[in-house]
$ cat upload-v8.tsv   # TSV, C-alpha atoms
chain	number	residue	atom	x	y	z
W	733	MET	CA	-17.59	-0.75	44.98
W	734	LYS	CA	-15.67	0.15	41.82
W	735	LYS	CA	-12.10	1.35	42.07
W	736	PRO	CA	-9.84	3.11	39.51
W	737	VAL	CA	-8.00	0.76	37.13
W	738	TRP	CA	-7.12	2.81	34.04
W	739	ASP	CA	-6.30	6.50	34.10
W	740	LEU	CA	-7.61	8.96	31.51
W	741	PRO	CA	-4.42	9.08	29.39
W	742	ILE	CA	-4.42	5.27	29.03
W	743	ARG	CA	-8.04	5.21	27.97
W	744	LEU	CA	-7.58	8.11	25.54
W	745	VAL	CA	-4.52	6.46	24.00
W	746	HIS	CA	-6.40	3.19	23.67
W	747	TRP	CA	-9.49	4.56	21.93
W	748	LEU	CA	-7.63	7.10	19.81
W	749	LEU	CA	-5.31	4.34	18.65
W	750	ALA	CA	-8.27	2.14	17.72
W	751	ALA	CA	-9.97	5.03	15.90
W	752	LEU	CA	-6.80	6.08	14.06
W	753	ILE	CA	-6.02	2.53	12.94
W	754	LEU	CA	-9.54	2.30	11.54
W	755	PHE	CA	-9.17	5.72	9.91
W	756	SER	CA	-5.77	4.83	8.45
W	757	TRP	CA	-7.20	1.72	6.86
W	758	TRP	CA	-10.23	3.55	5.49
W	759	SER	CA	-8.32	6.56	4.18
W	760	VAL	CA	-5.79	4.54	2.24
W	761	ARG	CA	-8.50	2.29	0.81
W	762	THR	CA	-10.34	5.33	-0.49
W	763	HIS	CA	-7.19	6.93	-1.97
W	764	HIS	CA	-6.95	9.68	0.67
W	765	THR	CA	-3.26	8.98	1.02
W	766	ASP	CA	-2.53	12.42	2.48
W	767	TRP	CA	-4.98	11.80	5.33
W	768	HIS	CA	-3.48	8.35	5.77
W	769	ILE	CA	-0.04	9.87	6.31
W	770	TRP	CA	-1.38	12.43	8.82
W	771	SER	CA	-3.14	9.64	10.65
W	772	GLY	CA	0.13	7.71	10.84
W	773	CYS	CA	1.88	10.76	12.27
W	774	ALA	CA	-0.85	11.08	14.92
W	775	ILE	CA	-0.31	7.41	15.79
W	776	LEU	CA	3.40	8.13	16.11
W	777	ALA	CA	2.63	10.84	18.66
W	778	LEU	CA	0.35	8.45	20.56
W	779	LEU	CA	3.02	5.75	20.64
W	780	ILE	CA	5.68	8.13	21.92
W	781	PHE	CA	3.29	9.38	24.57
W	782	ARG	CA	2.40	5.82	25.59
W	783	LEU	CA	6.07	4.88	25.83
W	784	LEU	CA	6.82	7.85	28.10
W	785	TRP	CA	3.67	7.29	30.14
W	786	GLY	CA	4.86	3.73	30.63
W	787	PHE	CA	7.67	5.15	32.75
W	788	ALA	CA	6.09	8.26	34.25
W	789	GLY	CA	2.39	7.40	34.41
W	790	SER	CA	-0.02	5.73	36.77
W	791	SER	CA	0.81	2.38	38.33
W	792	THR	CA	-1.18	0.36	35.75
W	793	ALA	CA	0.37	2.31	32.88
W	794	ARG	CA	3.95	1.52	33.88
W	795	PHE	CA	5.70	-1.25	31.99
W	796	ALA	CA	7.64	-2.12	35.12
W	797	THR	CA	4.44	-3.09	36.95
W	798	PHE	CA	2.80	-5.20	34.26
W	799	VAL	CA	5.49	-6.67	31.99
W	800	ARG	CA	6.45	-10.06	33.42
W	801	GLY	CA	8.70	-12.87	32.27
W	802	PRO	CA	7.71	-16.46	31.41
W	803	ARG	CA	7.45	-17.36	35.10
W	804	GLY	CA	4.92	-14.59	35.69
W	805	VAL	CA	2.87	-15.84	32.73
W	806	ALA	CA	3.06	-19.43	34.04
W	807	ASP	CA	1.93	-18.27	37.48
W	808	TYR	CA	-0.97	-16.48	35.86
W	809	PHE	CA	-2.04	-19.72	34.14
W	810	ARG	CA	-1.92	-21.50	37.51
W	811	GLY	CA	-4.21	-18.84	38.93
W	812	ARG	CA	-1.47	-17.44	41.13
W	813	TRP	CA	-1.77	-13.85	39.98
W	814	THR	CA	-3.61	-11.12	41.78
W	815	GLY	CA	-3.43	-7.49	40.89
W	816	VAL	CA	-4.92	-4.65	38.98
W	817	GLY	CA	-4.34	-3.72	35.35
W	818	HIS	CA	-2.77	-5.89	32.68
W	819	ASN	CA	-2.22	-9.47	33.81
W	820	PRO	CA	1.09	-11.10	32.76
W	821	LEU	CA	-0.52	-12.75	29.70
W	822	GLY	CA	-2.36	-9.61	28.65
W	823	ALA	CA	0.92	-7.73	28.99
W	824	LEU	CA	2.33	-9.82	26.15
W	825	SER	CA	-0.61	-8.79	24.00
W	826	VAL	CA	-0.08	-5.12	24.88
W	827	ILE	CA	3.61	-5.28	24.01
W	828	ALA	CA	2.89	-7.17	20.77
W	829	LEU	CA	0.21	-4.70	19.69
W	830	LEU	CA	2.23	-1.60	20.52
W	831	GLY	CA	5.34	-3.13	18.93
W	832	ALA	CA	3.51	-4.15	15.76
W	833	VAL	CA	1.97	-0.70	15.40
W	834	ALA	CA	5.37	0.90	16.01
W	835	ILE	CA	6.90	-1.22	13.23
W	836	GLN	CA	4.03	-0.25	10.94
W	837	VAL	CA	4.57	3.45	11.67
W	838	GLY	CA	8.32	3.07	11.14
W	839	LEU	CA	7.77	1.47	7.74
W	840	GLY	CA	5.26	4.14	6.79
W	841	LEU	CA	7.64	6.95	7.72
W	842	VAL	CA	10.17	5.93	5.05
W	843	ALA	CA	7.70	4.56	2.50
W	844	GLU	CA	6.45	6.20	-0.67
W	845	ASP	CA	3.45	5.26	-2.78
W	846	GLU	CA	3.74	3.39	-6.04
W	847	ASP	CA	3.51	6.56	-8.12
W	848	GLY	CA	5.91	8.64	-6.06
W	849	LEU	CA	3.15	11.15	-5.32
W	850	TYR	CA	2.96	10.57	-1.56
W	851	THR	CA	5.86	10.06	0.76
W	852	GLY	CA	6.32	9.36	4.42
W	853	PRO	CA	8.09	12.27	6.16
W	854	LEU	CA	11.41	10.39	6.40
W	855	TYR	CA	11.54	8.96	2.86
W	856	ARG	CA	14.60	11.02	1.99
W	857	LEU	CA	16.62	9.15	4.62
W	858	VAL	CA	16.51	6.02	2.44
W	859	SER	CA	16.87	5.13	-1.23
W	860	ILE	CA	13.99	4.86	-3.72
W	861	ASP	CA	14.26	1.05	-3.66
W	862	THR	CA	14.16	0.96	0.14
W	863	SER	CA	11.13	3.26	0.13
W	864	ASP	CA	9.35	0.98	-2.32
W	865	ARG	CA	10.22	-2.09	-0.29
W	866	ALA	CA	9.06	-0.36	2.89
W	867	ARG	CA	5.71	0.28	1.21
W	868	ASP	CA	5.31	-3.40	0.28
W	869	LEU	CA	6.18	-4.43	3.83
W	870	HIS	CA	3.86	-1.73	5.20
W	871	GLU	CA	0.99	-3.22	3.18
W	872	ASN	CA	1.74	-6.76	4.33
W	873	TRP	CA	2.47	-5.90	7.95
W	874	PHE	CA	-1.09	-4.69	8.32
W	875	LYS	CA	-2.13	-8.36	8.26
W	876	VAL	CA	-0.04	-8.93	11.40
W	877	ILE	CA	-1.77	-6.00	13.08
W	878	LEU	CA	-5.17	-7.31	12.04
W	879	ALA	CA	-4.33	-10.74	13.48
W	880	LEU	CA	-3.26	-9.18	16.79
W	881	ILE	CA	-6.42	-7.06	16.91
W	882	ALA	CA	-8.49	-10.18	16.25
W	883	LEU	CA	-6.70	-12.00	19.07
W	884	HIS	CA	-7.24	-8.99	21.34
W	885	VAL	CA	-10.99	-8.92	20.62
W	886	VAL	CA	-11.34	-12.71	20.97
W	887	ALA	CA	-9.59	-12.57	24.34
W	888	ILE	CA	-11.97	-9.84	25.53
W	889	LEU	CA	-14.95	-11.95	24.41
W	890	TYR	CA	-13.46	-14.97	26.19
W	891	TYR	CA	-13.12	-13.08	29.48
W	892	ARG	CA	-16.65	-11.73	28.97
W	893	LEU	CA	-17.98	-15.31	28.67
W	894	ARG	CA	-16.16	-16.16	31.87
W	895	GLY	CA	-17.97	-13.32	33.59
W	896	ARG	CA	-15.27	-10.68	33.47
W	897	GLY	CA	-16.11	-7.56	31.46
W	898	LEU	CA	-13.03	-5.70	30.21
W	899	LEU	CA	-14.78	-3.22	27.94
W	900	GLY	CA	-16.50	-1.24	30.70
W	901	PRO	CA	-13.33	-0.48	32.67
W	902	MET	CA	-11.57	0.68	29.49
W	903	ILE	CA	-14.39	3.21	29.06
W	904	THR	CA	-15.08	4.31	32.64
W	905	GLY	CA	-11.62	3.60	34.03
W	906	LYS	CA	-13.14	1.74	37.01
W	907	ALA	CA	-13.74	-1.88	37.91
W	908	VAL	CA	-14.73	-4.05	40.84
W	909	LEU	CA	-11.47	-5.40	42.21
W	910	ASP	CA	-10.75	-8.74	43.86
W	911	PRO	CA	-10.68	-8.29	47.63
W	912	GLY	CA	-7.27	-7.39	48.92
W	913	THR	CA	-5.92	-5.90	45.66
W	914	GLU	CA	-4.56	-2.41	45.61
W	915	PRO	CA	-6.31	0.01	43.21
W	916	MET	CA	-4.40	2.02	40.60
W	917	GLN	CA	-2.02	4.69	41.88
W	918	PRO	CA	-2.68	7.70	39.63
W	919	GLY	CA	0.07	9.57	37.83
W	920	LYS	CA	0.67	13.29	38.00
W	921	TRP	CA	-1.31	15.50	35.63
W	922	TRP	CA	1.74	17.64	34.91
W	923	ALA	CA	3.74	14.51	34.07
W	924	ALA	CA	1.09	13.68	31.48
W	925	LEU	CA	1.42	17.18	30.02
W	926	ILE	CA	5.20	16.88	29.80
W	927	CYS	CA	4.90	13.47	28.11
W	928	LEU	CA	2.39	14.94	25.66
W	929	ALA	CA	4.58	17.94	24.90
W	930	VAL	CA	7.61	15.73	24.27
W	931	ALA	CA	5.55	13.37	22.08
W	932	ILE	CA	4.23	16.25	19.98
W	933	GLY	CA	7.67	17.82	19.77
W	934	ILE	CA	9.33	14.65	18.51
W	935	THR	CA	6.49	14.01	16.06
W	936	ARG	CA	6.77	17.52	14.64
W	937	TRP	CA	10.49	17.04	14.20
W	938	VAL	CA	9.82	13.76	12.34
W	939	ILE	CA	7.17	15.44	10.15
W	940	ALA	CA	9.75	18.10	9.28
W	941	GLY	CA	11.96	15.29	7.91
W	942	ALA	CA	14.07	14.87	11.05
W	943	PRO	CA	16.50	17.73	10.38
W	944	PRO	CA	19.40	17.84	9.95
W	945	PHE	CA	19.37	14.18	8.79
W	946	GLY	CA	16.51	14.35	6.35
W	947	SER	CA	17.34	17.46	4.34
G	1341	MET	CA	3.17	-11.39	-41.45
G	1342	ARG	CA	1.54	-13.09	-44.46
G	1343	SER	CA	4.63	-15.12	-45.27
G	1344	LEU	CA	4.89	-16.13	-41.62
G	1345	LEU	CA	1.28	-17.30	-41.69
G	1346	PHE	CA	1.98	-19.21	-44.86
G	1347	ALA	CA	5.17	-20.75	-43.50
G	1348	LEU	CA	3.34	-21.96	-40.42
G	1349	ALA	CA	0.36	-23.11	-42.46
G	1350	VAL	CA	2.42	-25.35	-44.78
G	1351	PRO	CA	3.34	-28.00	-42.21
G	1352	PHE	CA	-0.27	-28.04	-41.03
G	1353	ALA	CA	-1.41	-28.54	-44.61
G	1354	PHE	CA	0.88	-31.57	-44.81
G	1355	LEU	CA	-0.43	-32.85	-41.53
G	1356	GLY	CA	-3.92	-32.46	-42.89
G	1357	ALA	CA	-2.91	-34.44	-45.95
G	1358	CYS	CA	-1.37	-37.24	-43.94
G	1359	GLY	CA	-4.42	-37.44	-41.77
G	1360	GLY	CA	-6.61	-37.96	-44.84
G	1361	PRO	CA	-8.34	-41.32	-45.22
G	1362	GLU	CA	-5.89	-43.80	-46.71
G	1363	THR	CA	-8.63	-45.88	-48.22
G	1364	SER	CA	-9.84	-43.07	-50.48
G	1365	GLN	CA	-9.44	-43.73	-54.21
G	1366	ALA	CA	-6.55	-42.27	-56.10
G	1367	ASN	CA	-8.60	-40.00	-58.35
G	1368	ASN	CA	-10.39	-38.20	-55.55
G	1369	ALA	CA	-7.49	-38.42	-53.14
G	1370	GLN	CA	-6.05	-35.28	-54.72
G	1371	ALA	CA	-9.33	-33.44	-54.19
G	1372	ASN	CA	-9.47	-34.67	-50.60
G	1373	ILE	CA	-5.98	-33.46	-49.88
G	1374	SER	CA	-6.56	-30.02	-51.28
G	1375	GLU	CA	-9.83	-29.70	-49.42
G	1376	ASP	CA	-8.26	-30.90	-46.16
G	1377	SER	CA	-5.37	-28.53	-46.58
G	1378	ARG	CA	-7.71	-25.62	-47.18
G	1379	VAL	CA	-9.60	-26.41	-44.00
G	1380	ALA	CA	-6.36	-26.74	-42.09
G	1381	ASP	CA	-5.12	-23.54	-43.67
G	1382	ASN	CA	-8.12	-21.59	-42.46
G	1383	ALA	CA	-8.00	-23.08	-38.99
G	1384	VAL	CA	-4.34	-22.22	-38.64
G	1385	ALA	CA	-4.88	-18.74	-39.96
G	1386	SER	CA	-7.65	-17.95	-37.49
G	1387	ASN	CA	-5.73	-19.58	-34.66
G	1388	LEU	CA	-2.61	-17.66	-35.47
G	1389	GLN	CA	-4.49	-14.43	-35.69
G	1390	LEU	CA	-5.82	-15.16	-32.25
G	1391	ARG	CA	-2.44	-16.12	-30.98
G	1392	LEU	CA	-0.63	-13.24	-32.63
G	1393	SER	CA	-3.12	-10.74	-31.31
G	1394	MET	CA	-2.68	-12.28	-27.87
G	1395	GLY	CA	1.05	-11.86	-28.37
G	1396	ASP	CA	0.58	-8.28	-29.46
G	1397	ALA	CA	-1.63	-7.61	-26.45
G	1398	ALA	CA	1.00	-9.07	-24.15
G	1399	LYS	CA	3.61	-6.89	-25.81
G	1400	VAL	CA	1.52	-3.75	-25.33
G	1401	MET	CA	0.76	-4.67	-21.73
G	1402	HIS	CA	4.41	-5.28	-21.04
G	1403	ALA	CA	5.39	-1.95	-22.59
G	1404	ARG	CA	2.65	-0.27	-20.57
G	1405	HIS	CA	3.80	-1.85	-17.33
G	1406	GLU	CA	7.45	-0.99	-17.93
G	1407	GLY	CA	6.51	2.54	-19.03
G	1408	MET	CA	4.37	3.19	-15.97
G	1409	GLU	CA	7.10	1.86	-13.74
G	1410	ALA	CA	9.65	4.14	-15.42
G	1411	ILE	CA	7.30	7.12	-14.97
G	1412	GLY	CA	6.97	6.21	-11.28
G	1413	LYS	CA	10.74	5.96	-10.90
G	1414	ALA	CA	11.22	9.33	-12.63
G	1415	THR	CA	8.60	10.90	-10.35
G	1416	LYS	CA	10.35	9.53	-7.29
G	1417	ALA	CA	13.73	10.78	-8.47
G	1418	ILE	CA	12.32	14.25	-9.12
G	1419	ASN	CA	10.52	14.26	-5.78
G	1420	ARG	CA	13.75	13.57	-3.95
G	1421	GLU	CA	15.46	16.47	-5.69
G	1422	LEU	CA	12.66	19.02	-5.38
G	1423	LYS	CA	12.02	18.35	-1.69
G	1424	GLY	CA	15.72	18.46	-0.82
G	1425	SER	CA	17.64	21.52	0.25
G	1426	SER	CA	19.84	21.57	-2.88
G	1427	PRO	CA	17.93	20.12	-5.86
G	1428	ASP	CA	20.04	18.79	-8.73
G	1429	LEU	CA	18.43	20.39	-11.79
G	1430	GLY	CA	20.21	17.92	-14.05
G	1431	VAL	CA	18.34	14.99	-12.50
G	1432	VAL	CA	15.06	16.91	-12.66
G	1433	ARG	CA	15.59	17.81	-16.33
G	1434	SER	CA	16.58	14.36	-17.52
G	1435	SER	CA	13.72	12.74	-15.59
G	1436	ALA	CA	11.28	15.34	-16.93
G	1437	ALA	CA	12.43	14.71	-20.51
G	1438	GLN	CA	12.13	10.94	-20.01
G	1439	MET	CA	8.67	11.40	-18.56
G	1440	ALA	CA	7.60	13.61	-21.48
G	1441	SER	CA	8.66	11.00	-24.03
G	1442	LEU	CA	6.98	8.19	-22.06
G	1443	ALA	CA	3.84	10.33	-21.89
G	1444	ARG	CA	3.88	10.66	-25.68
G	1445	ALA	CA	4.28	6.89	-25.99
G	1446	SER	CA	1.37	6.30	-23.62
G	1447	SER	CA	-1.07	7.05	-26.48
G	1448	GLY	CA	-0.39	3.51	-27.66
G	1449	TRP	CA	-0.64	1.79	-24.27
G	1450	PHE	CA	-4.37	1.28	-24.04
G	1451	PRO	CA	-5.73	-0.38	-27.17
G	1452	ALA	CA	-8.91	-2.41	-26.71
G	1453	GLY	CA	-8.16	-6.00	-25.76
G	1454	THR	CA	-5.38	-5.25	-23.28
G	1455	GLY	CA	-7.49	-5.41	-20.15
G	1456	PRO	CA	-7.59	-7.91	-17.29
G	1457	GLU	CA	-9.47	-10.40	-19.49
G	1458	VAL	CA	-6.23	-10.94	-21.41
G	1459	GLY	CA	-3.63	-11.00	-18.67
G	1460	LYS	CA	-2.40	-9.66	-15.39
G	1461	THR	CA	-2.80	-5.89	-15.31
G	1462	GLY	CA	-3.85	-3.12	-12.99
G	1463	ALA	CA	-5.94	-1.52	-15.74
G	1464	LYS	CA	-9.64	-1.65	-14.93
G	1465	PRO	CA	-11.98	-2.84	-17.68
G	1466	ASP	CA	-13.87	0.44	-17.22
G	1467	ILE	CA	-11.23	2.08	-19.42
G	1468	TRP	CA	-12.78	0.46	-22.49
G	1469	SER	CA	-16.43	0.70	-21.52
G	1470	PRO	CA	-18.45	2.94	-23.88
G	1471	GLN	CA	-19.44	5.42	-21.17
G	1472	ASN	CA	-15.86	5.91	-19.92
G	1473	LYS	CA	-13.86	5.87	-23.14
G	1474	ALA	CA	-14.03	9.62	-23.69
G	1475	ASP	CA	-13.28	10.39	-20.04
G	1476	PHE	CA	-10.29	8.09	-20.03
G	1477	ALA	CA	-8.96	9.60	-23.26
G	1478	ALA	CA	-9.36	13.08	-21.75
G	1479	LYS	CA	-7.50	12.05	-18.60
G	1480	LEU	CA	-4.69	10.54	-20.65
G	1481	ARG	CA	-4.47	13.76	-22.68
G	1482	ASN	CA	-4.37	15.82	-19.47
G	1483	PHE	CA	-1.46	13.71	-18.29
G	1484	GLN	CA	0.36	14.11	-21.60
G	1485	GLY	CA	-0.18	17.86	-21.57
G	1486	ALA	CA	0.99	18.15	-17.97
G	1487	ALA	CA	4.11	16.08	-18.73
G	1488	GLN	CA	5.03	18.40	-21.61
G	1489	ALA	CA	4.34	21.48	-19.48
G	1490	PHE	CA	6.50	20.11	-16.68
G	1491	ASN	CA	9.29	19.29	-19.13
G	1492	ALA	CA	9.13	22.87	-20.44
G	1493	ALA	CA	9.25	24.26	-16.88
G	1494	ALA	CA	12.20	22.01	-16.03
G	1495	LYS	CA	14.11	23.30	-19.08
G	1496	GLY	CA	13.63	26.78	-17.67
G	1497	GLY	CA	14.99	27.18	-14.18
G	1498	ASP	CA	12.17	28.80	-12.23
G	1499	ALA	CA	11.79	26.73	-9.06
G	1500	GLY	CA	8.27	27.99	-8.43
G	1501	ALA	CA	7.11	27.01	-11.91
G	1502	ILE	CA	8.86	23.62	-11.70
G	1503	ASN	CA	7.16	22.81	-8.40
G	1504	ALA	CA	3.76	24.00	-9.64
G	1505	ARG	CA	3.93	22.02	-12.89
G	1506	PHE	CA	5.16	18.95	-10.99
G	1507	ALA	CA	2.17	19.19	-8.65
G	1508	ASP	CA	-0.15	19.55	-11.68
G	1509	LEU	CA	1.45	16.50	-13.25
G	1510	GLY	CA	1.00	14.43	-10.09
G	1511	GLY	CA	-2.64	15.48	-10.02
G	1512	THR	CA	-3.19	14.07	-13.51
G	1513	CYS	CA	-1.58	10.75	-12.50
G	1514	LYS	CA	-3.82	10.50	-9.46
G	1515	ALA	CA	-7.00	11.54	-11.27
G	1516	CYS	CA	-6.65	8.62	-13.64
G	1517	HIS	CA	-5.23	6.05	-11.19
G	1518	ASP	CA	-7.97	6.66	-8.61
G	1519	LYS	CA	-10.61	5.85	-11.19
G	1520	TYR	CA	-9.04	3.43	-13.63
G	1521	ARG	CA	-6.39	1.48	-11.74
G	1522	MET	CA	-7.11	-1.53	-9.58
G	1523	ASP	CA	-5.83	-1.68	-6.05
G	1524	MET	CA	-3.04	-4.12	-6.64
G	1525	HIS	CA	-0.45	-5.57	-4.41
G	1526	HIS	CA	2.56	-6.76	-6.25
$ encode --input "upload-v8.tsv" --output "structure tokens"
Amino acid sequence: MKKPVWDLPIRLVHWLLAALILFSWWSVRTHHTDWHIWSGCAILALLIFRLLWGFAGSSTARFATFVRGPRGVADYFRGRWTGVGHNPLGALSVIALLGAVAIQVGLGLVAEDEDGLYTGPLYRLVSIDTSDRARDLHENWFKVILALIALHVVAILYYRLRGRGLLGPMITGKAVLDPGTEPMQPGKWWAALICLAVAIGITRWVIAGAPPFGS
Amino acid sequence: MRSLLFALAVPFAFLGACGGPETSQANNAQANISEDSRVADNAVASNLQLRLSMGDAAKVMHARHEGMEAIGKATKAINRELKGSSPDLGVVRSSAAQMASLARASSGWFPAGTGPEVGKTGAKPDIWSPQNKADFAAKLRNFQGAAQAFNAAAKGGDAGAINARFADLGGTCKACHDKYRMDMHH
């Protein structure tokens, strides 16, 4: 009997993030820098939503339920972890991925392209030299993101080989749970709407150049 | 240039003479020396031509790189003014004038033999391929025309015209860079 593990917002954020990272890479490689910037802004909205949902969402979405310290990770290695959602080791991967993508978005917001033709929405908050340096870092930081994605995929394959499929639950939201574990406690639909509205509002403000700071 | 070649050739001629066979007889030694020196002379001349043209290529490529960078900097400075709430027309005008003069100079930035086969550059070899030569020249001319038009607009004060000509100018940069510049990370 399969029980809920991931709610719809979590799954949407996950797959949209994957798709937008792919699109961002493709669009900048093919000189569609304007699309690349819009894609980055969409990722910003996703990240803000995910952050808020980490406090107001379902039980498996909340940082407080899955982020554990070193002892939690050690317990997990000793097989002393039961639960639903991110395990204490996987939580580190989640935080690293979200953090790395957030840094990448932050760099992109203040960056400008080599020719000065395309600019992140917040480029006027920093000097030309800082914008140029942010672009160089933005280019290099993508390697960090790629490495984390590779680790993420390898980990999923590793669990798969050990008989635990993680891909299916991230699509359907449901999984067979170990006996005695509580299934996910869903969040409120209206809380998701509020989080979405706030995320879109902040993103629009950033796109506008973060007035009054950016004008 | 000729005197420089000669000045550099003289020591080589002496070297050639010294390297001549010491056992050769006195009466044909003179002939040997002059022949050796002529050979050395030619070798040095062709070498120097090679080296000087390499030097010239490096000079052009350096000027090109610096010029492009200056154009980029001017674009960024203008961008910051035009997108701001109170653009400083002085900055726009001086950057536009600088860009117009760099655009004029750009006619001399792409002679044959200044591609990636010679040194580090973002210029694609396609620029000099027979089928692209005319297209590249047209794109460079478009850029030069747009830079002059933008400079003229900046001298006037019409914000609408300045923005429109600046967008045109950016379009000519992109048209050429998308096709003829390598994706470089430096």
$ residues_around --input "upload-v8.tsv" --residues "range 1443-1445 of chain G" --least-positions-apart "4" --cutoff "9 Å" --atoms "all atoms listed in the file" --output "count of residues only"
11
$ residues_near_point --input "upload-v8.tsv" --point "(-3.3, -8.5, 15.9)" --cutoff "12 Å" --atoms "only C-alpha atoms" --output "PDB file with C-alpha atoms, keeping the file's coordinate frame"
ATOM      1  CA  ALA W 750      -8.270   2.140  17.720  1.00  0.00           C
ATOM      2  CA  ILE W 753      -6.020   2.530  12.940  1.00  0.00           C
ATOM      3  CA  LEU W 824       2.330  -9.820  26.150  1.00  0.00           C
ATOM      4  CA  SER W 825      -0.610  -8.790  24.000  1.00  0.00           C
ATOM      5  CA  VAL W 826      -0.080  -5.120  24.880  1.00  0.00           C
ATOM      6  CA  ILE W 827       3.610  -5.280  24.010  1.00  0.00           C
ATOM      7  CA  ALA W 828       2.890  -7.170  20.770  1.00  0.00           C
ATOM      8  CA  LEU W 829       0.210  -4.700  19.690  1.00  0.00           C
ATOM      9  CA  LEU W 830       2.230  -1.600  20.520  1.00  0.00           C
ATOM     10  CA  GLY W 831       5.340  -3.130  18.930  1.00  0.00           C
ATOM     11  CA  ALA W 832       3.510  -4.150  15.760  1.00  0.00           C
ATOM     12  CA  VAL W 833       1.970  -0.700  15.400  1.00  0.00           C
ATOM     13  CA  TRP W 873       2.470  -5.900   7.950  1.00  0.00           C
ATOM     14  CA  PHE W 874      -1.090  -4.690   8.320  1.00  0.00           C
ATOM     15  CA  LYS W 875      -2.130  -8.360   8.260  1.00  0.00           C
ATOM     16  CA  VAL W 876      -0.040  -8.930  11.400  1.00  0.00           C
ATOM     17  CA  ILE W 877      -1.770  -6.000  13.080  1.00  0.00           C
ATOM     18  CA  LEU W 878      -5.170  -7.310  12.040  1.00  0.00           C
ATOM     19  CA  ALA W 879      -4.330 -10.740  13.480  1.00  0.00           C
ATOM     20  CA  LEU W 880      -3.260  -9.180  16.790  1.00  0.00           C
ATOM     21  CA  ILE W 881      -6.420  -7.060  16.910  1.00  0.00           C
ATOM     22  CA  ALA W 882      -8.490 -10.180  16.250  1.00  0.00           C
ATOM     23  CA  LEU W 883      -6.700 -12.000  19.070  1.00  0.00           C
ATOM     24  CA  HIS W 884      -7.240  -8.990  21.340  1.00  0.00           C
ATOM     25  CA  VAL W 885     -10.990  -8.920  20.620  1.00  0.00           C
ATOM     26  CA  VAL W 886     -11.340 -12.710  20.970  1.00  0.00           C
ATOM     27  CA  ALA W 887      -9.590 -12.570  24.340  1.00  0.00           C
TER      28      ALA W 887
END
$ closest_residue --input "upload-v8.tsv" --among "W:Gly772, W:Gly848, W:Pro901, W:Pro853" --to "chain G" --atoms "all atoms listed in the file"
W:Gly848
$ closest_atom_pairs --input "upload-v8.tsv" --of "chain W" --to "chain G" --cutoff "7 Å" --atoms "all atoms listed in the file" --output "JSON lines"
{"residue": "W:His763", "atom": "CA", "partner": "G:Asp1518", "partner_atom": "CA", "distance": 6.7}
{"residue": "W:Glu846", "atom": "CA", "partner": "G:Gly1412", "partner_atom": "CA", "distance": 6.8}
{"residue": "W:Asp847", "atom": "CA", "partner": "G:Gly1412", "partner_atom": "CA", "distance": 4.7}
{"residue": "W:Gly848", "atom": "CA", "partner": "G:Lys1416", "partner_atom": "CA", "distance": 4.7}
{"residue": "W:Leu849", "atom": "CA", "partner": "G:Gly1510", "partner_atom": "CA", "distance": 6.2}
{"residue": "W:Arg856", "atom": "CA", "partner": "G:Arg1420", "partner_atom": "CA", "distance": 6.5}
{"residue": "W:Ile860", "atom": "CA", "partner": "G:Lys1416", "partner_atom": "CA", "distance": 6.9}
{"residue": "W:Ser947", "atom": "CA", "partner": "G:Gly1424", "partner_atom": "CA", "distance": 5.5}
$ atom_distance --input "upload-v8.tsv" --atom1 "CA of Pro943 in chain W" --atom2 "CA of Ala843 in chain W"
17.7 Å
$ closest_residue --input "upload-v8.tsv" --among "W:Met733, W:Ala806, W:Leu754, W:Ile742" --to "Ala907 in chain W" --atoms "only C-alpha atoms"
W:Met733
$ residues_around --input "upload-v8.tsv" --residues "Ala774 in chain W" --least-positions-apart "5" --cutoff "9 Å" --atoms "only C-alpha atoms" --output "list in words"
Leu749, Leu752, Ile769, Leu779, Ile932 and Thr935 of chain W
$ residues_around --input "upload-v8.tsv" --residues "Ala1436 in chain G" --least-positions-apart "4" --cutoff "7 Å" --atoms "all atoms listed in the file" --output "ChimeraX atom specification"
/G:1432,1440,1490-1491,1494
$ write_last_selection --input "upload-v8.tsv" --atoms "C-alpha atoms" --output "compact mmCIF listing (two decimals), keeping the file's coordinate frame"
# COMPACT_ATOMS: atom_id res chain seq x y z
CA VAL G 1432 15.06 16.91 -12.66
CA ALA G 1440 7.60 13.61 -21.48
CA PHE G 1490 6.50 20.11 -16.68
CA ASN G 1491 9.29 19.29 -19.13
CA ALA G 1494 12.20 22.01 -16.03
